[in-house]
Structure formats: C-alpha cells, structure tokens
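Colleague: Handing over entry_24.tsv, TSV, C-alpha atoms.
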chain	number	residue	atom	x	y	z
A	1	LEU	CA	11.21	18.58	8.27
A	2	THR	CA	13.67	19.57	10.96
A	3	ILE	CA	17.04	18.29	12.05
A	4	GLY	CA	15.36	17.12	15.26
A	5	THR	CA	12.68	15.09	13.48
A	6	LEU	CA	15.27	13.63	11.13
A	7	ALA	CA	17.49	12.68	14.09
A	8	GLU	CA	14.54	10.98	15.76
A	9	LYS	CA	13.55	9.04	12.62
A	10	THR	CA	17.10	7.93	11.79
A	11	GLY	CA	18.42	7.33	15.30
A	12	LEU	CA	21.29	9.75	14.64
A	13	SER	CA	22.25	12.62	16.90
A	14	LYS	CA	21.05	16.15	16.24
A	15	SER	CA	24.59	17.45	16.59
A	16	GLY	CA	25.87	14.94	14.02
A	17	LEU	CA	23.14	15.89	11.55
A	18	PHE	CA	23.69	19.58	12.22
A	19	ALA	CA	27.41	19.12	11.58
A	20	HIS	CA	26.57	17.45	8.27
A	21	PHE	CA	23.89	19.88	7.05
A	22	GLY	CA	24.75	23.02	9.01
A	23	SER	CA	21.20	24.34	9.09
A	24	ARG	CA	17.58	23.41	8.47
A	25	GLU	CA	17.80	25.36	5.22
A	26	GLU	CA	20.70	23.19	4.00
A	27	LEU	CA	18.80	20.07	5.07
A	28	LEU	CA	15.74	21.17	3.07
A	29	LEU	CA	17.86	21.99	0.02
A	30	ALA	CA	19.47	18.53	0.21
A	31	VAL	CA	16.05	16.86	0.51
A	32	MET	CA	14.73	18.83	-2.47
A	33	ASP	CA	17.80	18.03	-4.55
A	34	ARG	CA	17.41	14.32	-3.79
A	35	GLY	CA	13.67	14.53	-4.50
A	36	GLN	CA	14.30	16.17	-7.86
A	37	GLN	CA	16.87	13.51	-8.76
A	38	GLU	CA	14.37	10.78	-7.94
A	39	PHE	CA	11.64	12.61	-9.87
A	40	VAL	CA	13.84	12.71	-12.95
A	41	ARG	CA	14.74	9.03	-12.54
A	42	LEU	CA	11.19	7.77	-11.92
A	43	VAL	CA	9.06	10.19	-13.95
A	44	ILE	CA	10.97	12.03	-16.64
A	45	THR	CA	13.56	9.52	-17.85
A	46	PRO	CA	11.08	6.68	-18.53
A	47	ALA	CA	8.69	9.09	-20.29
A	48	LEU	CA	11.48	10.36	-22.55
A	49	ALA	CA	11.79	6.83	-23.91
A	50	ARG	CA	8.26	7.18	-25.33
A	51	PRO	CA	7.72	8.69	-28.79
A	52	ARG	CA	7.44	12.48	-28.98
A	53	GLY	CA	3.96	13.91	-28.82
A	54	LEU	CA	0.95	12.54	-27.00
A	55	PRO	CA	2.57	9.23	-25.95
A	56	ARG	CA	5.31	11.17	-24.14
A	57	LEU	CA	2.94	13.78	-22.70
A	58	LYS	CA	0.65	11.08	-21.30
A	59	ALA	CA	3.60	9.08	-19.98
A	60	LEU	CA	4.86	12.18	-18.14
A	61	PHE	CA	1.44	12.82	-16.64
A	62	VAL	CA	0.72	9.21	-15.64
A	63	ALA	CA	4.19	8.78	-14.11
A	64	TRP	CA	3.68	12.05	-12.22
A	65	LEU	CA	0.46	10.68	-10.75
A	66	GLY	CA	2.33	7.51	-9.79
A	67	TRP	CA	5.03	9.60	-8.15
A	68	THR	CA	2.54	11.40	-5.93
A	69	GLU	CA	0.88	8.08	-5.01
A	70	SER	CA	4.13	6.31	-4.17
A	71	ALA	CA	4.34	4.60	-0.80
A	72	ASP	CA	7.96	5.78	-0.74
A	73	LEU	CA	6.61	9.32	-0.33
A	74	PRO	CA	4.60	9.12	2.91
A	75	GLY	CA	4.06	12.88	2.88
A	76	GLY	CA	3.14	12.99	-0.79
A	77	CYS	CA	5.15	14.85	-3.39
A	78	PRO	CA	7.92	16.71	-1.52
A	79	MET	CA	7.94	19.51	-4.08
A	80	ILE	CA	4.19	20.12	-3.75
A	81	GLY	CA	4.45	19.94	0.03
A	82	GLY	CA	7.43	22.28	0.00
A	83	ALA	CA	5.67	24.70	-2.33
A	84	ILE	CA	2.71	24.88	0.03
A	85	GLU	CA	4.99	25.52	3.00
A	86	PHE	CA	7.37	28.00	1.35
A	87	ASP	CA	5.30	29.76	-1.33
A	88	ASP	CA	5.16	32.99	0.67
A	89	GLN	CA	8.57	32.76	2.37
A	90	PRO	CA	11.36	34.45	0.42
A	91	GLY	CA	14.74	32.78	0.42
A	92	VAL	CA	16.86	30.07	-1.16
A	93	VAL	CA	14.46	27.23	-0.30
A	94	ARG	CA	11.56	28.95	-2.05
A	95	ASP	CA	13.82	29.88	-4.96
A	96	ALA	CA	14.97	26.27	-5.36
A	97	LEU	CA	11.39	24.99	-5.23
A	98	ALA	CA	10.27	27.57	-7.78
A	99	ALA	CA	13.15	26.71	-10.12
A	100	GLY	CA	12.29	23.02	-9.97
A	101	GLN	CA	8.61	23.70	-10.60
A	102	ARG	CA	9.44	25.97	-13.54
A	103	ALA	CA	11.66	23.27	-15.04
A	104	TRP	CA	8.81	20.73	-14.72
A	105	ILE	CA	6.31	23.14	-16.27
A	106	ASP	CA	8.77	23.73	-19.13
A	107	THR	CA	9.03	19.96	-19.63
A	108	LEU	CA	5.25	19.60	-19.83
A	109	THR	CA	4.98	22.59	-22.16
A	110	ARG	CA	7.70	21.21	-24.43
A	111	ALA	CA	5.91	17.83	-24.58
A	112	ALA	CA	2.65	19.59	-25.49
A	113	ARG	CA	4.46	21.59	-28.22
A	114	GLN	CA	5.85	18.36	-29.61
A	115	ALA	CA	2.32	16.92	-29.74
A	116	ILE	CA	1.28	20.01	-31.75
A	117	GLU	CA	4.28	19.59	-34.05
A	118	GLN	CA	3.40	15.90	-34.54
A	119	GLY	CA	-0.12	16.93	-35.60
A	120	GLN	CA	-1.64	15.17	-32.59
A	121	LEU	CA	-3.01	18.40	-31.15
A	122	ALA	CA	-4.55	21.24	-33.15
A	123	PRO	CA	-2.11	23.90	-34.41
A	124	ALA	CA	-3.96	26.58	-32.41
A	125	THR	CA	-3.42	24.67	-29.14
A	126	ASP	CA	-1.77	26.77	-26.44
A	127	ALA	CA	0.95	24.47	-25.05
A	128	GLU	CA	1.38	26.64	-21.97
A	129	GLN	CA	-2.35	26.32	-21.24
A	130	VAL	CA	-2.09	22.54	-21.57
A	131	SER	CA	0.76	22.39	-19.04
A	132	PHE	CA	-1.12	24.80	-16.75
A	133	GLU	CA	-4.19	22.58	-16.79
A	134	LEU	CA	-2.15	19.41	-16.28
A	135	PHE	CA	-0.49	21.02	-13.28
A	136	GLY	CA	-3.88	21.98	-11.91
A	137	ILE	CA	-5.17	18.45	-12.33
A	138	ALA	CA	-2.17	17.05	-10.49
A	139	LEU	CA	-2.56	19.52	-7.64
A	140	VAL	CA	-6.21	18.67	-7.13
A	141	VAL	CA	-5.39	14.95	-7.23
A	142	HIS	CA	-2.76	15.45	-4.54
A	143	HIS	CA	-5.22	17.44	-2.43
A	144	HIS	CA	-8.16	15.10	-2.89
A	145	ARG	CA	-6.14	11.95	-2.25
A	146	ARG	CA	-4.04	13.20	0.66
A	147	LEU	CA	-6.47	15.45	2.51
A	148	LEU	CA	-9.86	14.05	1.55
A	149	GLY	CA	-8.97	10.39	1.03
A	150	TYR	CA	-10.82	10.44	-2.29
A	151	GLU	CA	-10.25	7.04	-3.86
A	152	LYS	CA	-11.31	8.11	-7.36
A	153	ALA	CA	-8.72	10.89	-7.63
A	154	ARG	CA	-6.50	9.01	-10.09
A	155	SER	CA	-9.37	7.92	-12.36
A	156	ARG	CA	-10.75	11.47	-12.31
A	157	ALA	CA	-7.32	12.82	-13.23
A	158	LEU	CA	-6.99	10.45	-16.15
A	159	ALA	CA	-10.50	11.39	-17.34
A	160	ALA	CA	-9.54	15.08	-17.07
A	161	PHE	CA	-6.37	14.40	-19.08
A	162	ASP	CA	-8.39	12.65	-21.78
A	163	ALA	CA	-10.93	15.50	-21.86
A	164	LEU	CA	-8.16	18.10	-22.18
A	165	ILE	CA	-6.54	16.21	-25.04
A	166	ALA	CA	-9.88	15.69	-26.80
A	167	ARG	CA	-10.60	19.41	-26.51
A	168	CYS	CA	-7.22	20.21	-28.10
A	169	ALA	CA	-7.31	17.52	-30.82
Would you mind giving the structure from this file in structure tokens?

Modeller:
Amino acid sequence: LTIGTLAEKTGLSKSGLFAHFGSREELLLAVMDRGQQEFVRLVITPALARPRGLPRLKALFVAWLGWTESADLPGGCPMIGGAIEFDDQPGVVRDALAAGQRAWIDTLTRAARQAIEQGQLAPATDAEQVSFELFGIALVVHHHRRLLGYEKARSRALAAFDALIARCA
C-alpha cells in the first residue's frame, strides 16, 4: 500500500493524502490500527459472548477463518500480509504488527487456558502449544486459499482444529 495507490483507488490527490498521513509509514500504521479495530469488532467481541472454554476458543478460531475469507478484505488478512512484508524490516510498522500478533496469540492462549480450567482439555495441555498450532493452521489456510486457490482450506482447518482438541481432551 502506498499513498499513490490509495490516491488512485479513492480518487483523492496524492498531496492531500500525504498532508493527512505525512508518510507511507503513517498510512500503514493507520491501516493496521483500523484493521485491528475491525478484527476486534468482528472476531474477538462476538467470541467473548460465548461461554469460557472450548466454545469460546472455537468461536475465536472460526471467526478468524471468516475474517481471512471476507470479501471486504480483497488482499486477505492485512495483519498476515503486513507480517509477510515487514517481518524482516525493523521499525515502527514491524513493531506494531508484532504487538498486534502477540496480543492475538495471548488471546488464543488465554482461551485455551480457560478450556483447561473448565476441564474441557486435559490438565497437562500446553495452552501456548495450542495457540501456536491454531496460528499455524490459520496461516496455512490463508496461504492455501489465497495463493493456491484451494477450496477445501476451511474444511481442512476445521478438521485440524477438531483433531487438535481431540488430542488435548
């Protein structure tokens, strides 16, 4: 995303957009902030209405899949796309992406811990491993759907979720 491409898509002038954002970095930070707000609204908030434990963990995961499939995100998940672009570029954009990803991982880990506390997963279950594997599943779904056009990505992801939970039950 550049100020030039945004100007072209919106019909606004580059100078007007530059005056508003100041730099590509500020534009990217604003896009990420808006993306994170939408992610909370569409993924996290509805899932938090579900009971603690497995219902909430599954709701988080399923809503996350829906987020990455959304027609409103023509480039896929902006945080995954940004992470791919900026993972080896130090600076505030990378730092903001990493902070958002850490917060999401913490949310998944907390939901897995709650499932352990509710007795829905075995006491020996490693909640961090569960969130790690869920993140891996989501990344491969994003890759397979976006790059490979694999139509079974969602059903495979849900089967992998079920297998992970069964292994930890």

Colleague: Quote the spacing between atom CA of A:Ala124 and atom CA of A:Ala166 in Å to one decimal place.

Modeller: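 Separating atom CA of A:Ala124 from atom CA of A:Ala166 is a distance of 13.6 Å.
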
Colleague: Quick one: contact table of stretch 47-138 of chain A to stretch 22-39 of chain A, 9 Å max, nearest atom pair and distance in Å to one decimal per residue, counting all atoms listed in the file, chain and number order, as a tab-separated table?

Modeller:
residue	atom	partner	partner_atom	distance
A:Trp64	CA	A:Phe39	CA	8.3
A:Trp67	CA	A:Phe39	CA	7.5
A:Cys77	CA	A:Gly35	CA	8.6
A:Pro78	CA	A:Gly35	CA	6.8
A:Met79	CA	A:Met32	CA	7.0
A:Gly82	CA	A:Met32	CA	8.4
A:Val92	CA	A:Glu25	CA	8.0
A:Val93	CA	A:Leu29	CA	6.3
A:Ala96	CA	A:Leu29	CA	7.5
A:Leu97	CA	A:Met32	CA	7.5
A:Gly100	CA	A:Gln36	CA	7.4

Colleague: Kindly give the distance, in Å, that separates atom CA of A:Val40 and atom CA of A:Leu148, rounded to a single decimal.

Modeller: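 Rounded to one decimal, the two atoms are 27.8 Å apart.
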
Colleague: Report, in Å with one decimal, the straight-line distance from atom CA of A:Asp95 to atom CA of A:Phe132.

Modeller: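 So the two atoms, atom CA of A:Asp95 and atom CA of A:Phe132, lie 19.7 Å apart.
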
Colleague: Could you list, as a list in words, every residue within 12 Å of A:Thr125, counting all atoms listed in the file and ignoring same-chain residues fewer than 2 positions away?

Modeller: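 Close residues of A:Thr125: Thr109, Ala112, Arg113, Gln114, Ala115, Ile116, Glu117, Gly119, Gln120, Leu121, Ala122, Pro123, Ala127, Glu128, Gln129, Val130, Ser131, Leu164, Ile165, Ala166, Arg167, Cys168 and Ala169 of chain A.
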
Colleague: Anything within 12 Å of (1.7, 5.5, -4.3): list those residues as a CSV table (one decimal) with C-alpha atoms, keeping the file's coordinate frame, counting all atoms listed in the file and sticking to the file's coordinates.

Modeller:
chain,number,residue,atom,x,y,z
A,62,VAL,CA,0.7,9.2,-15.6
A,63,ALA,CA,4.2,8.8,-14.1
A,64,TRP,CA,3.7,12.0,-12.2
A,65,LEU,CA,0.5,10.7,-10.8
A,66,GLY,CA,2.3,7.5,-9.8
A,67,TRP,CA,5.0,9.6,-8.2
A,68,THR,CA,2.5,11.4,-5.9
A,69,GLU,CA,0.9,8.1,-5.0
A,70,SER,CA,4.1,6.3,-4.2
A,71,ALA,CA,4.3,4.6,-0.8
A,72,ASP,CA,8.0,5.8,-0.7
A,73,LEU,CA,6.6,9.3,-0.3
A,74,PRO,CA,4.6,9.1,2.9
A,75,GLY,CA,4.1,12.9,2.9
A,76,GLY,CA,3.1,13.0,-0.8
A,77,CYS,CA,5.2,14.8,-3.4
A,142,HIS,CA,-2.8,15.4,-4.5
A,145,ARG,CA,-6.1,12.0,-2.2
A,146,ARG,CA,-4.0,13.2,0.7
A,154,ARG,CA,-6.5,9.0,-10.1

Colleague: Since the input is missing atoms for stretch 81-95 of chain A, could you rebuild it with N, CA, C and O atoms and give the result as a PDB file, in the frame of the given file?

Modeller:
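Contents of selection.pdb, freshly written:
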ATOM      1  N   GLY A  81       4.480  19.617  -1.391  1.00  0.00           N
ATOM      2  CA  GLY A  81       4.450  19.940   0.030  1.00  0.00           C
ATOM      3  C   GLY A  81       5.330  21.137   0.353  1.00  0.00           C
ATOM      4  O   GLY A  81       4.931  22.030   1.107  1.00  0.00           O
ATOM      5  N   GLY A  82       6.522  21.158  -0.226  1.00  0.00           N
ATOM      6  CA  GLY A  82       7.430  22.280   0.000  1.00  0.00           C
ATOM      7  C   GLY A  82       6.875  23.578  -0.557  1.00  0.00           C
ATOM      8  O   GLY A  82       7.007  24.640   0.056  1.00  0.00           O
ATOM      9  N   ALA A  83       6.248  23.497  -1.725  1.00  0.00           N
ATOM     10  CA  ALA A  83       5.670  24.700  -2.330  1.00  0.00           C
ATOM     11  C   ALA A  83       4.578  25.277  -1.445  1.00  0.00           C
ATOM     12  O   ALA A  83       4.475  26.497  -1.293  1.00  0.00           O
ATOM     13  N   ILE A  84       3.777  24.410  -0.857  1.00  0.00           N
ATOM     14  CA  ILE A  84       2.710  24.880   0.030  1.00  0.00           C
ATOM     15  C   ILE A  84       3.312  25.555   1.263  1.00  0.00           C
ATOM     16  O   ILE A  84       2.839  26.596   1.706  1.00  0.00           O
ATOM     17  N   GLU A  85       4.369  24.973   1.795  1.00  0.00           N
ATOM     18  CA  GLU A  85       4.990  25.520   3.000  1.00  0.00           C
ATOM     19  C   GLU A  85       5.766  26.809   2.734  1.00  0.00           C
ATOM     20  O   GLU A  85       5.774  27.724   3.552  1.00  0.00           O
ATOM     21  N   PHE A  86       6.441  26.896   1.579  1.00  0.00           N
ATOM     22  CA  PHE A  86       7.370  28.000   1.350  1.00  0.00           C
ATOM     23  C   PHE A  86       6.919  29.003   0.287  1.00  0.00           C
ATOM     24  O   PHE A  86       7.688  29.900  -0.054  1.00  0.00           O
ATOM     25  N   ASP A  87       5.700  28.883  -0.232  1.00  0.00           N
ATOM     26  CA  ASP A  87       5.300  29.760  -1.330  1.00  0.00           C
ATOM     27  C   ASP A  87       5.321  31.244  -0.968  1.00  0.00           C
ATOM     28  O   ASP A  87       5.527  32.079  -1.838  1.00  0.00           O
ATOM     29  N   ASP A  88       5.158  31.571   0.292  1.00  0.00           N
ATOM     30  CA  ASP A  88       5.160  32.990   0.670  1.00  0.00           C
ATOM     31  C   ASP A  88       6.335  33.336   1.587  1.00  0.00           C
ATOM     32  O   ASP A  88       6.311  34.340   2.276  1.00  0.00           O
ATOM     33  N   GLN A  89       7.385  32.513   1.556  1.00  0.00           N
ATOM     34  CA  GLN A  89       8.570  32.760   2.370  1.00  0.00           C
ATOM     35  C   GLN A  89       9.781  32.972   1.468  1.00  0.00           C
ATOM     36  O   GLN A  89      10.311  32.014   0.917  1.00  0.00           O
ATOM     37  N   PRO A  90      10.210  34.210   1.293  1.00  0.00           N
ATOM     38  CA  PRO A  90      11.360  34.450   0.420  1.00  0.00           C
ATOM     39  C   PRO A  90      12.613  33.764   0.950  1.00  0.00           C
ATOM     40  O   PRO A  90      12.755  33.551   2.143  1.00  0.00           O
ATOM     41  N   GLY A  91      13.470  33.378   0.024  1.00  0.00           N
ATOM     42  CA  GLY A  91      14.740  32.780   0.420  1.00  0.00           C
ATOM     43  C   GLY A  91      15.163  31.689  -0.547  1.00  0.00           C
ATOM     44  O   GLY A  91      14.485  31.408  -1.546  1.00  0.00           O
ATOM     45  N   VAL A  92      16.283  31.041  -0.239  1.00  0.00           N
ATOM     46  CA  VAL A  92      16.860  30.070  -1.160  1.00  0.00           C
ATOM     47  C   VAL A  92      16.016  28.806  -1.279  1.00  0.00           C
ATOM     48  O   VAL A  92      15.998  28.180  -2.341  1.00  0.00           O
ATOM     49  N   VAL A  93      15.302  28.422  -0.225  1.00  0.00           N
ATOM     50  CA  VAL A  93      14.460  27.230  -0.300  1.00  0.00           C
ATOM     51  C   VAL A  93      13.311  27.476  -1.282  1.00  0.00           C
ATOM     52  O   VAL A  93      13.057  26.674  -2.185  1.00  0.00           O
ATOM     53  N   ARG A  94      12.650  28.596  -1.131  1.00  0.00           N
ATOM     54  CA  ARG A  94      11.560  28.950  -2.050  1.00  0.00           C
ATOM     55  C   ARG A  94      12.093  29.071  -3.477  1.00  0.00           C
ATOM     56  O   ARG A  94      11.477  28.580  -4.421  1.00  0.00           O
ATOM     57  N   ASP A  95      13.239  29.709  -3.633  1.00  0.00           N
ATOM     58  CA  ASP A  95      13.820  29.880  -4.960  1.00  0.00           C
ATOM     59  C   ASP A  95      14.135  28.527  -5.613  1.00  0.00           C
ATOM     60  O   ASP A  95      13.895  28.340  -6.809  1.00  0.00           O
TER      61      ASP A  95
END
